[in-house]
Amino acid sequence: MTSPERPEEKRCRIGGGAPPAAVPDDLLFAEVLPRLPIKCLVRFKSVCRAWRDAVDGGAVARRRLALTPPAMLVIPREDWHNNLAERSGELNFYRLLLADGGAPAGDAELVLEKALPGSATVTHDVVPTHCDGLVAVATRAGEVFVCNPATRELVALPPGTPSARDDACAWGALPAAIAYDASRASYVVARYFYREFQEGKDANGNLLLLNYDIGHEVFTLGADSGAGGGGGWELTGDPPHPIAFARPTCTREAIYWCADYPDEQNALVRFDLRDRVFDVLPPPPGADNYSGEQKVTELAGKLYYTDYVVGSDTAVDVWVADEVGRRLEWKLRCRLKFDDGVLGGESVLLVADDGDELLVVVDYIKLYRYSDRCKSVSLVMDMAKELVYQREDGSLLYGDDEGKYYKHHVLPYVESLVSIRARQ
């Protein structure tokens, strides 16, 4: 009895050629799947377990990170001074579109409009941080949310240790950092807290730190249990110095916090991801003029530091560091000179460096470009006046008269497939 002809044999007989060869998994995961749109890859996770694991955090996700060009993510939040602790039930993520030559195209593309799980709400005032397409959003009330805007995944982490520092309402949300710990092949969220914090003033009215006891903890994403796939917050050793209300940043080696109080306000508190130990590192040479909220950022694996030039309110130095063991070797990248009245002591945060031009955000509102060729700074966009944030239903996030009351949190961003819940 003749067995039924298989489909591939029929194609071979009719076409006169060999059946199509299967694509090897290593080639499929390294060169084919990573180049497909994320929406397609999310659907492909249902093909089989191997594809699901590769897409969530394995070969495909890591390869796609290497292939995807950087962008800028904007998280607009209300900034009325009397309602920063008020809450809303959603987070909105927008991609700042770039035209030819790197100039923003004057529009913001909605990446994700996400209602928070259950009845959760988030304060208007937040501190967002980014790593490999994952965004950690710390709130004024102490919560931490982690989101992948590209895959629409969002989780609320369990509450961390309460902080005794009671001036968060005056200074802002307690920051949280998100980083990839290569030694443990996992993403972690880190936060600090105060068990005790007492300050006073000297005879001249200057603030004095009388007593403090600071702690630090990490949450591993993708473990076996708990919200976000993690097993809970784990205490590390205590930081050796108070930490400021400023956005932290991470490299592949460490998390960098800005020091606070009183003599080393520009120092960096370094948390080594592999060894889980702290160091206090000096800032770049001459960076002793404390100003603004944001100083450090990471771009293409490099640590950058921006600070006002001593004695000037119109010039900002941009430094870049090489990590040598647990030390930093600083080099001056450039000096940005602004027109009078532009800065006003506000924060200056670097968000892009393509080798020829820099993009910096001043006071969460205005985007400037620095040209290495021209050695000059020019205004690219007043985000409060020019950006239009459209919701999924076509309505505007705010009207024309309300834009100036928003903080535009701009983050260096790369679209990714990294899963919050899956092991990496």
# chains A, B, ... in the order shown; residues from 1 in each chain; ligands from 1
>>> residues_around(residues="A:Thr123", least_positions_apart="2", cutoff="7 Å", atoms="only C-alpha atoms", output="PDB file with N, CA and C atoms, in the first residue's frame")
ATOM      1  N   LEU A  84       0.581  68.862  43.056  1.00  0.00           N
ATOM      2  CA  LEU A  84       1.539  67.846  42.648  1.00  0.00           C
ATOM      3  C   LEU A  84       1.256  66.499  43.305  1.00  0.00           C
ATOM      4  N   ALA A  85       0.614  66.512  44.458  1.00  0.00           N
ATOM      5  CA  ALA A  85       0.302  65.251  45.130  1.00  0.00           C
ATOM      6  C   ALA A  85      -1.047  64.689  44.691  1.00  0.00           C
ATOM      7  N   GLU A  86      -1.803  65.426  43.883  1.00  0.00           N
ATOM      8  CA  GLU A  86      -3.047  64.889  43.362  1.00  0.00           C
ATOM      9  C   GLU A  86      -2.752  63.744  42.399  1.00  0.00           C
ATOM     10  N   ARG A  87      -3.785  62.938  42.131  1.00  0.00           N
ATOM     11  CA  ARG A  87      -3.540  61.685  41.449  1.00  0.00           C
ATOM     12  C   ARG A  87      -4.409  61.553  40.205  1.00  0.00           C
ATOM     13  N   SER A  88      -3.916  60.754  39.261  1.00  0.00           N
ATOM     14  CA  SER A  88      -4.694  60.404  38.076  1.00  0.00           C
ATOM     15  C   SER A  88      -4.562  58.900  37.864  1.00  0.00           C
ATOM     16  N   THR A 121      -3.821  54.649  41.245  1.00  0.00           N
ATOM     17  CA  THR A 121      -3.635  55.988  40.698  1.00  0.00           C
ATOM     18  C   THR A 121      -2.189  56.399  40.920  1.00  0.00           C
ATOM     19  N   ASP A 125       3.206  64.362  40.160  1.00  0.00           N
ATOM     20  CA  ASP A 125       4.658  64.518  40.215  1.00  0.00           C
ATOM     21  C   ASP A 125       5.321  63.142  40.203  1.00  0.00           C
ATOM     22  N   VAL A 126       6.195  62.879  39.247  1.00  0.00           N
ATOM     23  CA  VAL A 126       6.858  61.585  39.107  1.00  0.00           C
ATOM     24  C   VAL A 126       8.335  61.799  38.783  1.00  0.00           C
ATOM     25  N   THR A 139       6.694  57.757  42.173  1.00  0.00           N
ATOM     26  CA  THR A 139       5.704  58.794  42.425  1.00  0.00           C
ATOM     27  C   THR A 139       5.970  59.503  43.743  1.00  0.00           C
ATOM     28  N   ARG A 140       5.292  60.622  43.915  1.00  0.00           N
ATOM     29  CA  ARG A 140       5.416  61.398  45.138  1.00  0.00           C
ATOM     30  C   ARG A 140       4.919  60.633  46.360  1.00  0.00           C
ATOM     31  N   ALA A 141       4.031  59.677  46.150  1.00  0.00           N
ATOM     32  CA  ALA A 141       3.494  58.893  47.262  1.00  0.00           C
ATOM     33  C   ALA A 141       4.330  57.659  47.576  1.00  0.00           C
TER      34      ALA A 141
END
>>> closest_residue(among="A:Arg184, A:Thr151, A:Val309, A:Asp339", to="A:Arg276", atoms="only C-alpha atoms")
A:Arg184
>>> residues_around(residues="A:Val269", least_positions_apart="3", cutoff="8 Å", atoms="only C-alpha atoms", output="JSON, numbers by chain")
{"A": [239, 240, 241, 243, 256, 257, 258, 259, 278, 279, 280, 281]}
>>> atom_distance(atom1="atom CA of A:Lys201", atom2="atom CA of A:Leu174")
23.1 Å
>>> residues_around(residues="A:Val60", least_positions_apart="6", cutoff="8 Å", atoms="only C-alpha atoms", output="number ranges by chain")
A: 29-30, 33-34, 54
>>> select_by_dssp(residues="stretch 161-337 of chain A", states="alpha helix (DSSP H)", output="VMD selection string")
chain A and resid 168 to 171
>>> closest_residue(among="A:Leu387, A:Val23, A:Val310, A:Val418", to="A:Arg95", atoms="only C-alpha atoms")
A:Leu387
>>> select_by_dssp(residues="stretch 140-302 of chain A", states="strand (DSSP E or B)", output="MDAnalysis selection string")
chainID A and resid 144:148 153:156 176:181 186:201 207:220 233:235 243 249:250 254:259 268:272 278:281 296:299 302
>>> closest_residue(among="A:Leu411, A:Arg421, A:Gly345, A:Val146", to="A:Ser186", atoms="only C-alpha atoms")
A:Arg421
>>> closest_atom_pairs(of="stretch 199-259 of chain A", to="stretch 295-298 of chain A", cutoff="12 Å", atoms="only C-alpha atoms", output="CSV")
residue,atom,partner,partner_atom,distance
A:Ala244,CA,A:Lys295,CA,11.1
A:Phe245,CA,A:Lys295,CA,11.3
A:Ala246,CA,A:Lys295,CA,7.9
A:Arg247,CA,A:Val296,CA,7.7
A:Pro248,CA,A:Val296,CA,6.9
A:Thr249,CA,A:Thr297,CA,5.4
A:Cys250,CA,A:Glu298,CA,6.4
A:Thr251,CA,A:Glu298,CA,6.4
A:Arg252,CA,A:Glu298,CA,9.8
A:Glu253,CA,A:Glu298,CA,11.5
A:Ala254,CA,A:Glu298,CA,10.9
A:Ile255,CA,A:Glu298,CA,10.2
A:Tyr256,CA,A:Val296,CA,7.9
A:Trp257,CA,A:Val296,CA,8.4
A:Cys258,CA,A:Lys295,CA,7.7
A:Ala259,CA,A:Lys295,CA,10.8
>>> closest_residue(among="A:Leu207, A:Ala115, A:Ile420, A:Leu379", to="A:Leu221", atoms="only C-alpha atoms")
A:Ile420
>>> closest_residue(among="A:Thr236, A:Gln198, A:Ser46, A:Ser312", to="A:Phe219", atoms="only C-alpha atoms")
A:Thr236
